[in-house]
$ cat my_file-v1.txt   # compact mmCIF, C-alpha atoms and all ligand atoms
# COMPACT_ATOMS: atom_id res chain seq x y z
CA MET E 1 70.21 101.29 109.26
CA THR E 2 69.77 103.28 106.07
CA SER E 3 72.24 101.72 103.68
CA SER E 4 72.79 104.88 101.66
CA LYS E 5 74.04 106.79 104.72
CA HIS E 6 76.46 104.43 106.40
CA ILE E 7 79.47 102.70 104.86
CA ILE E 8 79.65 99.26 106.43
CA SER E 9 80.21 96.88 103.54
CA VAL E 10 81.26 97.06 99.91
CA GLN E 11 77.97 95.31 99.12
CA GLN E 12 76.30 98.73 99.46
CA PHE E 13 78.06 99.92 96.31
CA ASP E 14 77.35 99.37 92.65
CA GLN E 15 79.41 100.25 89.59
CA GLU E 16 77.57 103.52 89.03
CA ARG E 17 78.16 104.82 92.54
CA ILE E 18 81.80 103.73 92.39
CA ALA E 19 82.33 105.51 89.06
CA SER E 20 80.98 108.77 90.43
CA LEU E 21 83.07 108.43 93.59
CA PHE E 22 86.24 107.86 91.58
CA LYS E 23 85.45 110.83 89.34
CA ARG E 24 85.32 113.01 92.46
CA ALA E 25 88.53 111.39 93.77
CA ASP E 26 90.20 112.52 90.51
CA VAL E 27 88.94 116.05 91.20
CA MET E 28 90.19 115.90 94.80
CA ARG E 29 93.68 115.05 93.56
CA ARG E 30 93.86 118.23 91.51
CA ILE E 31 91.69 120.68 93.41
CA ASP E 32 93.18 123.91 94.73
CA ARG E 33 93.62 123.66 98.52
CA ARG E 34 91.60 126.90 99.05
CA ASP E 35 88.66 125.64 96.98
CA ALA E 36 88.67 122.27 98.77
CA ARG E 37 88.28 124.03 102.12
CA GLU E 38 84.82 125.27 101.12
CA ILE E 39 83.35 121.82 100.43
CA LEU E 40 82.67 120.74 104.03
CA ARG E 41 83.42 123.93 105.91
CA GLY E 42 82.19 123.63 109.50
CA SER E 43 81.50 119.87 109.45
CA ILE E 44 82.83 117.69 112.27
CA MET E 45 84.21 114.17 111.86
CA MET E 46 84.72 111.90 114.85
CA ALA E 47 87.25 109.10 114.53
CA ILE E 48 86.96 106.43 117.20
CA PHE E 49 89.52 103.67 116.81
CA TYR E 50 89.63 100.60 119.05
CA GLU E 51 92.49 99.09 117.01
CA ALA E 52 95.81 100.49 115.81
CA SER E 53 95.88 102.47 112.58
CA THR E 54 98.20 104.73 110.65
CA ARG E 55 96.84 105.20 107.13
CA THR E 56 93.12 104.85 107.71
CA ARG E 57 92.87 107.34 110.56
CA PHE E 58 95.42 109.87 109.31
CA SER E 59 94.07 109.88 105.77
CA PHE E 60 90.48 110.31 106.98
CA GLU E 61 91.57 113.14 109.26
CA SER E 62 93.64 114.79 106.57
CA ALA E 63 90.73 114.39 104.13
CA MET E 64 88.30 116.12 106.49
CA ILE E 65 90.69 118.95 107.32
CA ARG E 66 91.43 119.54 103.62
CA LEU E 67 87.67 119.76 102.99
CA GLY E 68 87.38 122.53 105.59
CA GLY E 69 85.97 120.42 108.42
CA SER E 70 87.35 119.59 111.85
CA VAL E 71 88.12 116.32 113.56
CA ILE E 72 87.72 114.92 117.06
CA THR E 73 89.57 111.69 117.47
CA THR E 74 90.74 108.95 119.77
CA GLU E 75 93.27 106.54 118.41
CA ASN E 76 93.13 104.20 121.39
CA ALA E 77 89.48 103.99 122.31
CA ARG E 78 90.01 100.82 124.37
CA GLU E 79 91.89 102.94 126.91
CA PHE E 80 90.92 106.52 126.19
CA SER E 81 87.15 106.29 125.93
CA SER E 82 84.47 105.15 128.36
CA ALA E 83 84.94 101.61 127.01
CA GLN E 84 87.60 101.48 129.69
CA LYS E 85 84.83 102.08 132.25
CA GLY E 86 82.70 99.33 130.78
CA GLU E 87 80.54 101.40 128.44
CA LYS E 88 78.92 99.47 125.61
CA LEU E 89 79.79 100.46 122.04
CA SER E 90 76.12 101.19 121.35
CA ASP E 91 75.99 103.78 124.16
CA SER E 92 79.24 105.44 123.08
CA ILE E 93 77.98 105.71 119.50
CA ARG E 94 74.55 107.02 120.52
CA VAL E 95 76.22 109.83 122.45
CA LEU E 96 78.98 110.57 119.95
CA SER E 97 76.47 110.99 117.18
CA CYS E 98 75.08 114.03 119.04
CA TYR E 99 78.45 115.77 118.82
CA GLY E 100 79.38 115.66 115.16
CA ASP E 101 78.31 114.93 111.59
CA VAL E 102 80.04 111.65 110.77
CA ILE E 103 81.72 108.83 112.73
CA VAL E 104 84.65 106.79 111.46
CA LEU E 105 84.86 103.62 113.54
CA ARG E 106 87.47 100.88 113.70
CA HIS E 107 86.65 98.04 116.06
CA PHE E 108 88.03 94.59 116.80
CA ASP E 109 84.69 92.75 116.54
CA LYS E 110 83.29 91.57 113.23
CA GLY E 111 79.84 93.11 112.80
CA SER E 112 80.52 95.97 115.27
CA THR E 113 80.22 98.73 112.68
CA LYS E 114 76.83 97.38 111.65
CA ILE E 115 75.68 97.58 115.27
CA ALA E 116 77.08 101.11 115.58
CA ALA E 117 75.09 102.14 112.51
CA LEU E 118 71.89 101.02 114.24
CA TYR E 119 72.51 103.41 117.12
CA SER E 120 73.93 106.40 115.27
CA SER E 121 71.94 109.38 114.07
CA VAL E 122 74.83 110.40 111.76
CA PRO E 123 76.60 108.35 109.08
CA VAL E 124 79.00 105.67 110.36
CA ILE E 125 81.95 104.79 108.16
CA SER E 126 83.67 101.50 108.90
CA GLY E 127 87.43 101.77 109.25
CA GLY E 128 87.57 97.98 109.62
CA ASP E 129 85.60 95.58 111.83
CA GLY E 130 87.94 92.90 113.14
CA PRO E 131 88.41 90.19 110.53
CA GLY E 132 85.23 91.29 108.73
CA GLU E 133 85.42 94.07 106.14
CA HIS E 134 87.32 97.26 105.39
CA PRO E 135 85.21 98.89 102.69
CA THR E 136 87.02 102.21 102.23
CA GLN E 137 90.37 100.42 101.90
CA ALA E 138 88.88 98.24 99.17
CA LEU E 139 87.57 101.31 97.37
CA LEU E 140 91.02 102.90 97.33
CA ASP E 141 92.53 99.58 96.24
CA LEU E 142 90.07 99.40 93.35
CA TYR E 143 90.71 103.05 92.46
CA THR E 144 94.42 102.25 92.30
CA ILE E 145 93.77 99.28 90.00
CA PHE E 146 91.72 101.51 87.69
CA LEU E 147 94.49 104.14 87.62
CA GLU E 148 97.41 101.78 87.20
CA ARG E 149 95.93 98.95 85.15
CA GLY E 150 92.59 100.13 83.72
CA ASN E 151 89.37 98.13 83.67
CA PRO E 152 89.35 95.56 86.51
CA SER E 153 87.28 93.18 84.37
CA ALA E 154 90.36 92.54 82.27
CA GLN E 155 92.71 91.76 85.17
CA HIS E 156 93.83 88.64 86.95
CA VAL E 157 94.29 89.64 90.60
CA VAL E 158 96.36 87.35 92.82
CA PHE E 159 95.80 87.72 96.57
CA VAL E 160 98.64 86.54 98.80
CA GLY E 161 99.02 85.98 102.56
CA ASP E 162 96.37 86.02 105.25
CA LEU E 163 93.15 85.48 103.33
CA ARG E 164 91.34 84.20 106.40
CA TYR E 165 91.61 87.23 108.67
CA GLY E 166 92.62 89.91 106.13
CA ARG E 167 89.56 92.14 106.03
CA THR E 168 90.94 94.16 103.13
CA VAL E 169 91.07 90.95 101.09
CA HIS E 170 87.44 90.16 101.93
CA SER E 171 86.23 93.59 100.86
CA LEU E 172 88.35 93.92 97.74
CA ALA E 173 87.48 90.43 96.46
CA ARG E 174 83.77 91.23 96.84
CA LEU E 175 84.20 94.52 95.05
CA LEU E 176 86.15 92.92 92.19
CA ALA E 177 83.44 90.29 91.83
CA MET E 178 81.10 93.08 90.70
CA TYR E 179 83.44 93.59 87.72
CA LYS E 180 83.80 89.85 87.06
CA THR E 181 87.52 90.09 87.74
CA ARG E 182 89.31 86.74 87.74
CA MET E 183 91.08 86.03 91.01
CA SER E 184 93.59 83.58 92.48
CA PHE E 185 94.45 83.05 96.12
CA VAL E 186 97.78 82.09 97.66
CA SER E 187 98.01 81.19 101.35
CA PRO E 188 98.97 78.45 103.75
CA GLU E 189 96.04 76.16 104.45
CA ILE E 190 95.45 77.62 107.90
CA LEU E 191 95.02 81.12 106.43
CA ALA E 192 92.88 80.16 103.44
CA LEU E 193 89.85 82.09 102.21
CA PRO E 194 86.73 81.77 104.42
CA GLU E 195 84.30 79.22 102.99
CA GLU E 196 81.52 81.79 102.77
CA LEU E 197 83.61 84.05 100.54
CA ARG E 198 84.78 81.12 98.41
CA THR E 199 81.13 80.33 97.71
CA GLU E 200 80.31 83.96 96.90
CA LEU E 201 83.15 84.24 94.39
CA GLY E 202 82.39 80.90 92.72
CA GLU E 203 83.72 80.65 89.18
CA LEU E 204 85.70 83.88 89.43
CA ILE E 205 88.30 81.91 91.42
CA LEU E 206 90.88 80.64 88.93
CA GLY E 207 92.89 78.75 91.53
CA GLU E 208 94.08 78.44 95.11
CA TYR E 209 97.79 77.87 95.69
CA ARG E 210 100.27 77.22 98.49
CA SER E 211 103.10 79.21 96.94
CA LEU E 212 103.28 82.52 95.05
CA ALA E 213 105.80 80.90 92.69
CA ASP E 214 102.96 78.78 91.23
CA VAL E 215 101.04 81.72 89.81
CA ILE E 216 103.19 84.89 89.82
CA ASN E 217 103.86 84.76 86.07
CA HIS E 218 100.11 84.97 85.32
CA ALA E 219 99.30 87.93 87.58
CA ASP E 220 98.31 91.41 86.42
CA VAL E 221 97.88 92.63 89.99
CA ILE E 222 99.47 91.03 93.06
CA TYR E 223 97.76 91.97 96.34
CA MET E 224 100.14 91.14 99.19
CA THR E 225 99.08 91.07 102.85
CA ARG E 226 100.69 90.48 106.22
CA VAL E 227 99.66 87.73 108.62
CA GLN E 228 97.11 89.22 111.06
CA LYS E 229 98.93 87.92 114.14
CA GLU E 230 96.67 89.86 116.49
CA ARG E 231 93.74 87.61 115.51
CA PHE E 232 95.38 84.45 116.89
CA SER E 233 95.36 83.51 120.56
CA ASN E 234 98.72 81.79 119.99
CA PRO E 235 100.49 83.30 116.96
CA ASP E 236 103.45 80.93 117.38
CA ALA E 237 101.18 78.01 116.54
CA VAL E 238 100.82 79.36 113.01
CA ALA E 239 103.80 77.73 111.36
CA PHE E 240 104.47 77.91 107.62
CA ASN E 241 107.25 78.91 105.27
CA GLY E 242 106.99 82.71 104.96
CA GLN E 243 109.10 82.65 101.79
CA ASP E 244 106.22 80.97 99.92
CA TYR E 245 104.14 84.10 100.51
CA ALA E 246 106.82 86.75 99.99
CA LEU E 247 108.23 88.60 97.00
CA THR E 248 111.73 87.22 96.82
CA PHE E 249 114.52 88.35 94.52
CA GLU E 250 114.19 85.18 92.41
CA LEU E 251 110.41 85.46 92.08
CA VAL E 252 110.39 89.04 90.86
CA ASN E 253 112.12 87.87 87.68
CA PHE E 254 109.05 85.82 86.80
CA MET E 255 106.67 88.77 87.04
CA GLU E 256 105.41 90.23 83.80
CA GLU E 257 106.51 93.79 83.11
CA HIS E 258 103.00 95.24 83.41
CA THR E 259 102.26 93.56 86.77
CA ILE E 260 101.71 95.85 89.75
CA VAL E 261 102.14 94.99 93.41
CA LEU E 262 99.66 96.35 95.94
CA HIS E 263 99.64 96.03 99.74
CA PRO E 264 97.22 97.70 102.19
CA LEU E 265 100.22 98.17 104.53
CA PRO E 266 101.65 97.82 107.12
CA ARG E 267 104.00 95.25 105.61
CA ASN E 268 106.18 92.80 107.46
CA GLU E 269 108.64 90.48 105.69
CA GLU E 270 106.42 89.76 102.67
CA ILE E 271 107.82 92.65 100.63
CA PRO E 272 111.53 93.47 101.03
CA ASP E 273 112.48 97.16 101.13
CA TRP E 274 114.72 96.90 98.06
CA PHE E 275 111.60 96.31 95.93
CA ASP E 276 110.20 99.78 96.76
CA ASN E 277 112.09 101.44 93.92
CA ASP E 278 110.72 99.06 91.31
CA PRO E 279 108.11 100.78 89.09
CA SER E 280 105.74 97.84 89.79
CA ALA E 281 105.72 98.67 93.51
CA ALA E 282 102.45 100.59 93.67
CA TYR E 283 101.72 100.39 97.42
CA PHE E 284 102.82 103.89 98.40
CA ARG E 285 100.88 105.39 95.48
CA GLN E 286 97.96 103.26 96.70
CA ALA E 287 98.26 104.76 100.22
CA GLN E 288 98.26 108.26 98.75
CA ASN E 289 95.16 107.47 96.68
CA GLY E 290 93.44 106.73 99.99
CA LEU E 291 93.43 110.42 100.78
CA TYR E 292 91.57 111.36 97.57
CA VAL E 293 89.10 108.50 97.80
CA ARG E 294 88.31 109.37 101.43
CA MET E 295 87.83 113.04 100.53
CA ALA E 296 85.34 111.88 97.89
CA ILE E 297 83.58 109.60 100.40
CA LEU E 298 83.20 112.36 103.00
CA GLU E 299 81.92 114.72 100.34
CA GLU E 300 79.40 112.16 99.12
CA LEU E 301 78.04 111.57 102.63
CA LEU E 302 78.08 115.11 103.97
CA ASN E 303 77.77 117.66 101.19
CA PRO E 304 74.06 118.28 100.52
CA PHE E 305 74.93 119.77 97.13
CA HIS E 306 76.66 116.63 95.96
CA LYS E 307 74.41 114.60 93.69
C1 LIG E 401 94.90 97.03 107.03
C2 LIG E 401 93.87 96.83 108.10
O1 LIG E 401 93.88 97.53 109.12
O2 LIG E 401 93.04 95.96 107.89
N1 LIG E 401 95.57 98.24 107.08
C3 LIG E 401 94.98 99.35 106.54
O3 LIG E 401 93.93 99.78 106.92
N2 LIG E 401 95.64 99.93 105.53
C4 LIG E 401 95.80 95.87 106.82
C5 LIG E 401 96.53 95.29 107.98
O4 LIG E 401 96.43 95.73 109.12
O5 LIG E 401 97.27 94.34 107.73

$ encode --input "my_file-v1.txt" --output "structure tokens" --more "lines below"
Ligand code: NCD
Amino acid sequence: MTSSKHIISVQQFDQERIASLFKRADVMRRIDRRDAREILRGSIMMAIFYEASTRTRFSFESAMIRLGGSVITTENAREFSSAQKGEKLSDSIRVLSCYGDVIVLRHFDKGSTKIAALYSSVPVISGGDGPGEHPTQALLDLYTIFLERGNPSAQHVVFVGDLRYGRTVHSLARLLAMYKTRMSFVSPEILALPEELRTELGELILGEYRSLADVINHADVIYMTRVQKERFSNPDAVAFNGQDYALTFELVNFMEEHTIVLHPLPRNEEIPDWFDNDPSAAYFRQAQNGLYVRMAILEELLNPFHK
């Protein structure tokens, strides 16, 4: 696997590469639609998704089409690919990579995108590997923090919800660590941060809490997540008070005025709809930023003229 070609983990990025990616994302936001169509004219992106997706797949597809390329896609690869006939992921990827220029893969197994990269002759972009990582989501989350709050080094980011299985949390926390961002984590014990990640983050962890109320007044960025119910064999066995990990009407009063609220979406009960009109609610702007960041990522991987 050549690390510069595939996007499997945020560990493949450094601050310099991220800065140049975000500069291009800024350009993508403003570029004339006709000019954008010339950037990857004729390229083909294949999106193969073994797990449900709305934002990741649609934004990647929209990004490719806006850049002048085409897309071939299956949104339910468990049923509508040869996986249903017992084909191994490695064989599917080996064959797919003969048909197009880049593969976006979402799979339910941690480590699957790394395996796919070993068998692909074209770049593989992870769209999430089970409870592992979701690098492009973390990049758009970080881009949103830069836009809305400025330098991540100066922020205190509070992660809330399913820190154990939330792959976006794992990727974003690793990315923020590169900027020495201070972080706090709020979850029930059963959904706490994986030990391995806790060790990686070390002194950047300011605290771990069992209720958002304990730390909300010190947050610059609040990163909410839903419980990843699909990762549990018996979701009903996961019992805790959801209100401790939700933005309630009372809690919002304790937030500082400059605090922003992010969420990779989809949300469940952790953010009530009435909060959407609050200027701090940045999650739909965050989802839109995903389009520009993914345009920049595709350009970086596929445009030979891009330095
Ligand atoms: C997330 C994911 O799939 O990991 N969604 C996304 O890509 N925006 C978060 C989630 O499913 O909870």

$ residues_near_ligand --input "my_file-v1.txt" --ligand "ligand LIG 401 (chain E)" --cutoff "7 Å" --atoms "all atoms listed in the file" --output "list in words"
Ser53, Arg55, Thr56, Gly128, His134, Gln137, Gly166, Arg167, Thr168, Thr225, Arg226, Gln228, Pro264, Leu265 and Pro266 of chain E

$ atom_distance --input "my_file-v1.txt" --atom1 "CA of Pro131 in chain E" --atom2 "CA of Ala239 in chain E"
19.8 Å

$ closest_residue --input "my_file-v1.txt" --among "E:Val160, E:Ile125, E:Val261, E:Val215" --to "Leu193 in chain E" --atoms "only C-alpha atoms"
E:Val160

$ closest_residue --input "my_file-v1.txt" --among "E:Pro194, E:Gly111, E:Gly127, E:Gly68" --to "Ile48 in chain E" --atoms "all atoms listed in the file"
E:Gly127

$ atom_distance --input "my_file-v1.txt" --atom1 "CA of Ala246 in chain E" --atom2 "CA of Phe159 in chain E"
11.6 Å

$ residues_near_point --input "my_file-v1.txt" --point "(93.7, 78.8, 105.3)" --cutoff "10 Å" --atoms "all atoms listed in the file" --output "list in words"
Gly161, Asp162, Leu163, Arg164, Tyr165, Val186, Ser187, Pro188, Glu189, Ile190, Leu191, Ala192, Leu193, Pro194, Glu195 and Arg210 of chain E
